>>> print(open('protein_13.tsv').read())   # TSV, C-alpha atoms and all ligand atoms
chain	number	residue	atom	x	y	z
A	19	MET	CA	9.68	-12.07	-10.30
A	20	SER	CA	11.42	-12.65	-6.97
A	21	SER	CA	9.89	-13.83	-3.71
A	22	HIS	CA	9.87	-10.15	-2.82
A	23	PHE	CA	6.96	-9.76	-5.20
A	24	THR	CA	3.56	-11.19	-4.23
A	25	VAL	CA	0.36	-11.11	-6.24
A	26	VAL	CA	-2.52	-11.75	-3.87
A	27	ASN	CA	-4.63	-13.84	-6.17
A	28	HIS	CA	-7.35	-14.73	-3.68
A	29	PRO	CA	-10.69	-15.06	-5.54
A	30	LEU	CA	-12.34	-12.32	-3.47
A	31	VAL	CA	-9.52	-9.89	-4.27
A	32	GLN	CA	-9.68	-10.72	-7.98
A	33	HIS	CA	-13.48	-10.41	-8.16
A	34	LYS	CA	-13.54	-7.09	-6.30
A	35	LEU	CA	-10.71	-5.73	-8.46
A	36	SER	CA	-12.62	-6.59	-11.65
A	37	LEU	CA	-15.63	-4.65	-10.35
A	38	MET	CA	-13.36	-1.67	-9.68
A	39	ARG	CA	-11.80	-1.76	-13.14
A	40	ASP	CA	-15.20	-1.35	-14.84
A	41	LYS	CA	-15.46	2.26	-15.96
A	42	ASP	CA	-19.12	2.32	-14.89
A	43	CYS	CA	-18.35	1.34	-11.29
A	44	PRO	CA	-19.98	4.06	-9.15
A	45	LYS	CA	-17.69	6.06	-6.82
A	46	VAL	CA	-19.37	4.79	-3.68
A	47	LEU	CA	-18.77	1.21	-4.76
A	48	PHE	CA	-15.24	1.98	-5.97
A	49	ARG	CA	-14.29	3.34	-2.54
A	50	GLN	CA	-16.01	0.48	-0.74
A	51	LEU	CA	-14.22	-2.14	-2.86
A	52	LEU	CA	-10.84	-0.46	-2.38
A	53	ARG	CA	-11.40	-0.54	1.35
A	54	GLU	CA	-12.36	-4.23	1.24
A	55	ILE	CA	-9.36	-5.12	-0.92
A	56	GLY	CA	-7.20	-3.08	1.48
A	57	GLN	CA	-8.38	-5.36	4.28
A	58	LEU	CA	-7.61	-8.51	2.29
A	59	LEU	CA	-4.18	-7.24	1.25
A	60	ALA	CA	-3.48	-6.27	4.87
A	61	TYR	CA	-4.13	-9.88	5.87
A	62	GLU	CA	-1.42	-11.00	3.43
A	63	VAL	CA	1.15	-8.25	4.14
A	64	THR	CA	1.02	-8.96	7.88
A	65	ARG	CA	1.46	-12.72	7.46
A	66	ASP	CA	5.06	-12.70	8.76
A	67	PHE	CA	4.43	-10.39	11.73
A	68	GLU	CA	6.15	-11.71	14.82
A	69	LEU	CA	4.24	-12.98	17.82
A	70	GLU	CA	5.16	-13.30	21.48
A	71	ASN	CA	3.37	-15.20	24.20
A	72	ARG	CA	1.91	-13.18	27.05
A	73	HIS	CA	0.13	-14.33	30.16
A	74	ILE	CA	-3.66	-13.99	30.17
A	75	ASP	CA	-6.44	-15.57	32.19
A	76	THR	CA	-9.26	-17.16	30.23
A	77	PRO	CA	-12.49	-17.69	32.23
A	78	LEU	CA	-11.17	-21.20	32.90
A	79	VAL	CA	-7.38	-21.20	33.18
A	80	PRO	CA	-4.27	-19.06	32.86
A	81	MET	CA	-2.48	-19.43	29.55
A	82	GLN	CA	0.35	-18.07	27.47
A	83	ALA	CA	-1.42	-16.49	24.47
A	84	PRO	CA	0.17	-15.13	21.28
A	85	HIS	CA	0.14	-11.36	20.78
A	86	LEU	CA	1.75	-9.16	18.13
A	87	LYS	CA	5.31	-8.40	19.16
A	88	GLY	CA	7.09	-5.06	19.18
A	89	LYS	CA	6.01	-1.53	18.42
A	90	LYS	CA	2.86	-0.78	16.50
A	91	PRO	CA	3.40	-0.86	12.73
A	92	ALA	CA	3.47	2.37	10.74
A	93	LEU	CA	1.22	2.82	7.71
A	94	ILE	CA	2.42	5.46	5.28
A	95	SER	CA	-0.07	6.79	2.76
A	96	ILE	CA	1.51	8.16	-0.39
A	97	LEU	CA	-0.87	11.02	-1.21
A	98	ARG	CA	-3.40	11.20	-2.37
A	99	ALA	CA	-4.57	7.80	-3.63
A	100	GLY	CA	-2.81	6.01	-0.76
A	101	ASN	CA	-5.61	7.22	1.51
A	102	GLY	CA	-8.03	4.86	-0.23
A	103	LEU	CA	-5.95	1.82	0.70
A	104	LEU	CA	-5.26	3.20	4.17
A	105	ASP	CA	-8.88	2.84	5.30
A	106	GLY	CA	-8.97	-0.91	4.73
A	107	VAL	CA	-5.54	-1.58	6.19
A	108	LEU	CA	-6.46	0.45	9.28
A	109	ASP	CA	-9.57	-1.70	9.68
A	110	LEU	CA	-7.25	-4.66	10.34
A	111	LEU	CA	-4.49	-2.73	12.13
A	112	PRO	CA	-6.51	-0.15	14.08
A	113	ALA	CA	-3.66	0.65	16.47
A	114	ALA	CA	-1.11	1.34	13.71
A	115	ARG	CA	0.62	4.70	13.55
A	116	VAL	CA	-0.07	6.63	10.34
A	117	GLY	CA	2.12	8.91	8.25
A	118	PHE	CA	1.66	10.80	4.98
A	119	VAL	CA	4.04	11.57	2.15
A	120	GLY	CA	3.05	14.01	-0.61
A	121	LEU	CA	5.00	14.15	-3.86
A	122	TYR	CA	4.33	15.90	-7.15
A	123	ARG	CA	6.10	15.57	-10.46
A	124	ASP	CA	8.18	18.55	-11.59
A	125	GLU	CA	7.12	19.00	-15.21
A	126	GLU	CA	10.62	20.15	-16.29
A	127	THR	CA	12.83	17.62	-14.55
A	128	LEU	CA	10.06	14.95	-14.38
A	129	LYS	CA	11.44	14.15	-10.92
A	130	PRO	CA	9.19	13.73	-7.87
A	131	VAL	CA	9.30	16.71	-5.49
A	132	GLN	CA	8.19	16.37	-1.88
A	133	TYR	CA	5.51	18.84	-0.74
A	134	TYR	CA	4.39	17.13	2.47
A	135	CYS	CA	5.87	14.70	4.94
A	136	LYS	CA	4.56	13.80	8.37
A	137	LEU	CA	5.86	10.53	9.78
A	138	PRO	CA	5.35	8.58	13.02
A	139	LYS	CA	8.10	8.53	15.66
A	140	ALA	CA	10.66	5.71	15.92
A	141	LEU	CA	10.25	4.44	12.35
A	142	SER	CA	13.43	2.37	12.75
A	143	GLU	CA	11.69	0.19	15.36
A	144	ARG	CA	8.50	-0.43	13.39
A	145	VAL	CA	7.36	-2.48	10.45
A	146	VAL	CA	6.57	0.24	7.93
A	147	ILE	CA	3.94	-0.39	5.24
A	148	ALA	CA	3.92	2.13	2.39
A	149	LEU	CA	0.58	2.40	0.57
A	150	ASP	CA	-0.03	3.55	-2.97
A	151	PRO	CA	-2.72	1.88	-5.10
A	152	MET	CA	-0.93	2.33	-8.44
A	153	LEU	CA	2.70	1.24	-8.93
A	154	ALA	CA	3.11	2.73	-12.42
A	155	THR	CA	6.53	4.19	-13.36
A	156	GLY	CA	7.68	3.62	-9.79
A	157	ASN	CA	9.20	7.11	-9.58
A	158	SER	CA	7.07	8.40	-6.73
A	159	SER	CA	7.14	5.07	-4.90
A	160	VAL	CA	10.93	4.94	-5.07
A	161	ALA	CA	11.16	8.56	-3.87
A	162	ALA	CA	8.75	7.85	-1.01
A	163	ILE	CA	10.77	4.81	0.09
A	164	ASP	CA	13.97	6.89	-0.16
A	165	LEU	CA	12.38	9.33	2.25
A	166	LEU	CA	11.27	6.61	4.66
A	167	LYS	CA	14.77	5.15	4.71
A	168	GLN	CA	16.29	8.61	5.30
A	169	SER	CA	13.89	8.88	8.23
A	170	GLY	CA	15.23	5.66	9.72
A	171	ALA	CA	12.85	2.99	8.41
A	172	LYS	CA	14.59	-0.37	8.05
A	173	ASN	CA	11.79	-2.87	7.64
A	174	ILE	CA	9.57	-1.58	4.82
A	175	LYS	CA	6.86	-3.30	2.79
A	176	PHE	CA	5.09	-1.77	-0.19
A	177	LEU	CA	1.40	-2.38	-0.75
A	178	CYS	CA	-0.45	-1.51	-3.94
A	179	LEU	CA	-3.56	-2.50	-5.84
A	180	LEU	CA	-2.16	-2.63	-9.37
A	181	ALA	CA	1.43	-2.84	-10.55
A	182	ALA	CA	3.00	-2.36	-13.98
A	183	PRO	CA	6.12	-4.41	-14.84
A	184	GLU	CA	8.04	-1.15	-15.34
A	185	GLY	CA	7.24	0.04	-11.81
A	186	VAL	CA	8.06	-3.31	-10.24
A	187	ALA	CA	11.43	-3.38	-12.02
A	188	ARG	CA	12.22	0.19	-10.94
A	189	MET	CA	11.33	-0.55	-7.31
A	190	GLN	CA	13.25	-3.80	-7.24
A	191	GLU	CA	16.32	-2.09	-8.66
A	192	ALA	CA	16.20	0.85	-6.24
A	193	HIS	CA	14.92	-1.00	-3.17
A	194	PRO	CA	15.50	-4.74	-3.51
A	195	ASP	CA	14.96	-5.15	0.22
A	196	VAL	CA	11.35	-3.92	0.06
A	197	PRO	CA	8.79	-6.65	-0.68
A	198	ILE	CA	5.92	-5.62	-2.94
A	199	PHE	CA	2.35	-6.88	-2.46
A	200	THR	CA	-0.26	-6.25	-5.14
A	201	ALA	CA	-3.67	-7.49	-6.25
A	202	ALA	CA	-2.54	-7.72	-9.89
A	203	LEU	CA	0.42	-7.32	-12.21
A	204	ASP	CA	-0.93	-5.65	-15.35
A	205	GLU	CA	0.55	-5.70	-18.86
A	206	ARG	CA	2.34	-2.38	-19.33
A	207	LEU	CA	2.28	1.39	-19.10
A	208	ASN	CA	0.83	3.50	-21.90
A	209	GLU	CA	2.63	6.56	-23.31
A	210	LYS	CA	1.08	8.73	-20.58
A	211	GLY	CA	2.26	6.49	-17.80
A	212	TYR	CA	-1.11	4.87	-17.11
A	213	ILE	CA	-1.27	1.21	-16.20
A	214	MET	CA	-2.90	-0.93	-18.93
A	215	PRO	CA	-5.52	-2.34	-18.78
A	216	GLY	CA	-5.58	-0.71	-15.33
A	217	LEU	CA	-8.50	1.24	-13.94
A	218	GLY	CA	-7.68	4.82	-14.91
A	219	ASP	CA	-6.68	7.49	-12.42
A	220	ALA	CA	-7.23	5.96	-9.00
A	221	GLY	CA	-7.39	9.33	-7.21
A	222	ASP	CA	-9.93	10.77	-9.64
A	223	ARG	CA	-12.08	7.68	-9.49
A	224	MET	CA	-11.92	7.60	-5.72
A	225	PHE	CA	-12.50	11.26	-5.03
A	226	GLY	CA	-14.57	12.33	-8.06
A	227	THR	CA	-12.06	14.91	-9.28
A	228	VAL	CA	-11.30	15.79	-12.89
A	229	HIS	CA	-7.91	14.84	-14.22
A	230	GLY	CA	-5.57	17.73	-14.98
A	301	LIG	N1	-1.74	6.48	-11.36
A	301	LIG	C1	-3.05	6.18	-11.53
A	301	LIG	O1	-3.92	6.63	-10.79
A	301	LIG	N2	-3.37	5.36	-12.57
A	301	LIG	C2	-2.45	4.84	-13.39
A	301	LIG	O2	-2.82	4.08	-14.30
A	301	LIG	C3	-1.10	5.18	-13.19
A	301	LIG	C4	-0.78	6.00	-12.16
>>> encode(input="protein_13.tsv", output="structure tokens", more="lines below")
Ligand code: URA
Amino acid sequence: MSSHFTVVNHPLVQHKLSLMRDKDCPKVLFRQLLREIGQLLAYEVTRDFELENRHIDTPLVPMQAPHLKGKKPALISILRAGNGLLDGVLDLLPAARVGFVGLYRDEETLKPVQYYCKLPKALSERVVIALDPMLATGNSSVAAIDLLKQSGAKNIKFLCLLAAPEGVARMQEAHPDVPIFTAALDERLNEKGYIMPGLGDAGDRMFGTVHG
């Protein structure tokens, strides 16, 4: 995998992810762990953010102190599971702008169809972080990134919890300029497009809905 693909293998991330994978993990804990992993992944995805020195006065002396440079980043939740990652990333980037992209799969064409899109202004001037916990086939992620690029985004990063090799390959082919950050690269997709060993349907597990 290229340097545009990062597995955040910090022990805390790996431990929390294992707790989430357990089918008996209660919903409250599942959501809490996703939020905590979101925070830890946010730490990694922001590692190359640019800084600029600005004048401040400490209680003792004036100094030039580093601050984040440029416009506030934009966090884009790919509905609906993206909202689970959003909470944790927002904990670390509370001033970020937030957008939402909703896509469903047309059962005849199997192509993603957009049903909702609300994006922050001036995407071209922001670091844009797209959030979707499960990078499975990659179809919806690729479509969401297409949309962000059509809306002007130039500096995009993709943040997920679990990735399948198929989804990573699809993303890297369609959007080689978009670095991917994940907590784990799993083995494969099953015939229904679920990540294996995975954790099941992230949205259902997060929100307590029934699959269908
Ligand atoms: N989406 C999920 O929620 N889980 C998977 O395993 C694949 C896609």
>>> closest_residue(input="protein_13.tsv", among="A:Met152, A:Leu108, A:Ala140, A:Val119", to="Gly218 of chain A", atoms="only C-alpha atoms")
A:Met152
>>> residues_near_ligand(input="protein_13.tsv", ligand="ligand LIG 301 (chain A)", cutoff="8 Å", atoms="only C-alpha atoms and all ligand atoms", output="tab-separated table (two decimals) with C-alpha atoms, in the frame of the given file")
chain	number	residue	atom	x	y	z
A	99	ALA	CA	-4.57	7.80	-3.63
A	151	PRO	CA	-2.72	1.88	-5.10
A	152	MET	CA	-0.93	2.33	-8.44
A	153	LEU	CA	2.70	1.24	-8.93
A	154	ALA	CA	3.11	2.73	-12.42
A	155	THR	CA	6.53	4.19	-13.36
A	207	LEU	CA	2.28	1.39	-19.10
A	211	GLY	CA	2.26	6.49	-17.80
A	212	TYR	CA	-1.11	4.87	-17.11
A	213	ILE	CA	-1.27	1.21	-16.20
A	214	MET	CA	-2.90	-0.93	-18.93
A	216	GLY	CA	-5.58	-0.71	-15.33
A	217	LEU	CA	-8.50	1.24	-13.94
A	218	GLY	CA	-7.68	4.82	-14.91
A	219	ASP	CA	-6.68	7.49	-12.42
A	220	ALA	CA	-7.23	5.96	-9.00
A	221	GLY	CA	-7.39	9.33	-7.21
A	222	ASP	CA	-9.93	10.77	-9.64
>>> atom_distance(input="protein_13.tsv", atom1="atom CA of Val31 of chain A", atom2="atom CA of Asp204 of chain A")
14.6 Å
>>> residues_around(input="protein_13.tsv", residues="Glu143 of chain A", least_positions_apart="3", cutoff="12 Å", atoms="all atoms listed in the file", output="PyMOL selection string")
chain A and resi 87-92+138-140+146+169-174
>>> atom_distance(input="protein_13.tsv", atom1="atom CA of Leu137 of chain A", atom2="atom CA of Leu179 of chain A")
22.4 Å
>>> atom_distance(input="protein_13.tsv", atom1="atom CA of Gly56 of chain A", atom2="atom CA of Val160 of chain A")
20.9 Å
>>> residues_around(input="protein_13.tsv", residues="Ala162 of chain A", least_positions_apart="3", cutoff="9 Å", atoms="only C-alpha atoms", output="VMD selection string")
chain A and resid 96 119 to 121 132 148 157 to 159 165 to 167
>>> residues_around(input="protein_13.tsv", residues="segment 109-112 of chain A", least_positions_apart="3", cutoff="10 Å", atoms="only C-alpha atoms", output="list in words")
Arg53, Glu54, Gly56, Gln57, Leu58, Leu59, Ala60, Tyr61, Thr64, Lys90, Pro91, Ala92, Leu93, Leu104, Asp105, Gly106 and Arg115 of chain A
>>> residues_around(input="protein_13.tsv", residues="segment 35-37 of chain A", least_positions_apart="3", cutoff="9 Å", atoms="all atoms listed in the file", output="list in words")
Leu30, Val31, Gln32, Asp40, Lys41, Cys43, Leu47, Phe48, Leu51, Leu52, Ile55, Leu179, Ala201 and Ala202 of chain A
>>> closest_residue(input="protein_13.tsv", among="A:Arg49, A:Arg144, A:Arg123, A:His193", to="Lys34 of chain A", atoms="all atoms listed in the file")
A:Arg49
>>> closest_residue(input="protein_13.tsv", among="A:Lys210, A:Arg98, A:Arg65, A:Arg188", to="Leu86 of chain A", atoms="all atoms listed in the file")
A:Arg65
>>> build_atoms(input="protein_13.tsv", residues="segment 48-63 of chain A", atoms="N, CA, C and O atoms", output="JSON list (two decimals), keeping the file's coordinate frame")
[["chain", "number", "residue", "atom", "x", "y", "z"],
["A", 48, "PHE", "N", -16.69, 1.99, -5.75],
["A", 48, "PHE", "CA", -15.24, 1.98, -5.97],
["A", 48, "PHE", "C", -14.50, 2.12, -4.63],
["A", 48, "PHE", "O", -13.59, 1.37, -4.31],
["A", 49, "ARG", "N", -14.94, 3.09, -3.84],
["A", 49, "ARG", "CA", -14.29, 3.34, -2.54],
["A", 49, "ARG", "C", -14.50, 2.14, -1.60],
["A", 49, "ARG", "O", -13.58, 1.74, -0.88],
["A", 50, "GLN", "N", -15.70, 1.62, -1.61],
["A", 50, "GLN", "CA", -16.01, 0.48, -0.74],
["A", 50, "GLN", "C", -15.14, -0.73, -1.10],
["A", 50, "GLN", "O", -14.58, -1.40, -0.24],
["A", 51, "LEU", "N", -15.01, -0.98, -2.42],
["A", 51, "LEU", "CA", -14.22, -2.14, -2.86],
["A", 51, "LEU", "C", -12.74, -1.94, -2.54],
["A", 51, "LEU", "O", -12.06, -2.89, -2.14],
["A", 52, "LEU", "N", -12.25, -0.71, -2.69],
["A", 52, "LEU", "CA", -10.84, -0.46, -2.38],
["A", 52, "LEU", "C", -10.58, -0.72, -0.90],
["A", 52, "LEU", "O", -9.56, -1.29, -0.51],
["A", 53, "ARG", "N", -11.53, -0.30, -0.10],
["A", 53, "ARG", "CA", -11.40, -0.54, 1.35],
["A", 53, "ARG", "C", -11.38, -2.04, 1.64],
["A", 53, "ARG", "O", -10.54, -2.53, 2.41],
["A", 54, "GLU", "N", -12.29, -2.78, 1.00],
["A", 54, "GLU", "CA", -12.36, -4.23, 1.24],
["A", 54, "GLU", "C", -11.09, -4.92, 0.74],
["A", 54, "GLU", "O", -10.55, -5.82, 1.40],
["A", 55, "ILE", "N", -10.60, -4.51, -0.42],
["A", 55, "ILE", "CA", -9.36, -5.12, -0.92],
["A", 55, "ILE", "C", -8.20, -4.74, 0.00],
["A", 55, "ILE", "O", -7.31, -5.55, 0.27],
["A", 56, "GLY", "N", -8.23, -3.51, 0.51],
["A", 56, "GLY", "CA", -7.20, -3.08, 1.48],
["A", 56, "GLY", "C", -7.16, -4.02, 2.67],
["A", 56, "GLY", "O", -6.09, -4.41, 3.15],
["A", 57, "GLN", "N", -8.32, -4.43, 3.13],
["A", 57, "GLN", "CA", -8.38, -5.36, 4.28],
["A", 57, "GLN", "C", -7.76, -6.71, 3.90],
["A", 57, "GLN", "O", -6.98, -7.29, 4.66],
["A", 58, "LEU", "N", -8.11, -7.19, 2.71],
["A", 58, "LEU", "CA", -7.61, -8.51, 2.29],
["A", 58, "LEU", "C", -6.10, -8.47, 2.03],
["A", 58, "LEU", "O", -5.38, -9.43, 2.34],
["A", 59, "LEU", "N", -5.63, -7.37, 1.48],
["A", 59, "LEU", "CA", -4.18, -7.24, 1.25],
["A", 59, "LEU", "C", -3.45, -7.10, 2.60],
["A", 59, "LEU", "O", -2.33, -7.60, 2.76],
["A", 60, "ALA", "N", -4.09, -6.44, 3.54],
["A", 60, "ALA", "CA", -3.48, -6.27, 4.87],
["A", 60, "ALA", "C", -3.28, -7.63, 5.53],
["A", 60, "ALA", "O", -2.27, -7.87, 6.21],
["A", 61, "TYR", "N", -4.22, -8.52, 5.31],
["A", 61, "TYR", "CA", -4.13, -9.88, 5.87],
["A", 61, "TYR", "C", -2.86, -10.56, 5.36],
["A", 61, "TYR", "O", -2.14, -11.22, 6.09],
["A", 62, "GLU", "N", -2.56, -10.34, 4.05],
["A", 62, "GLU", "CA", -1.42, -11.00, 3.43],
["A", 62, "GLU", "C", -0.10, -10.32, 3.83],
["A", 62, "GLU", "O", 0.90, -10.98, 4.10],
["A", 63, "VAL", "N", -0.11, -8.98, 3.88],
["A", 63, "VAL", "CA", 1.15, -8.25, 4.14],
["A", 63, "VAL", "C", 1.60, -8.42, 5.59],
["A", 63, "VAL", "O", 2.78, -8.23, 5.91]]
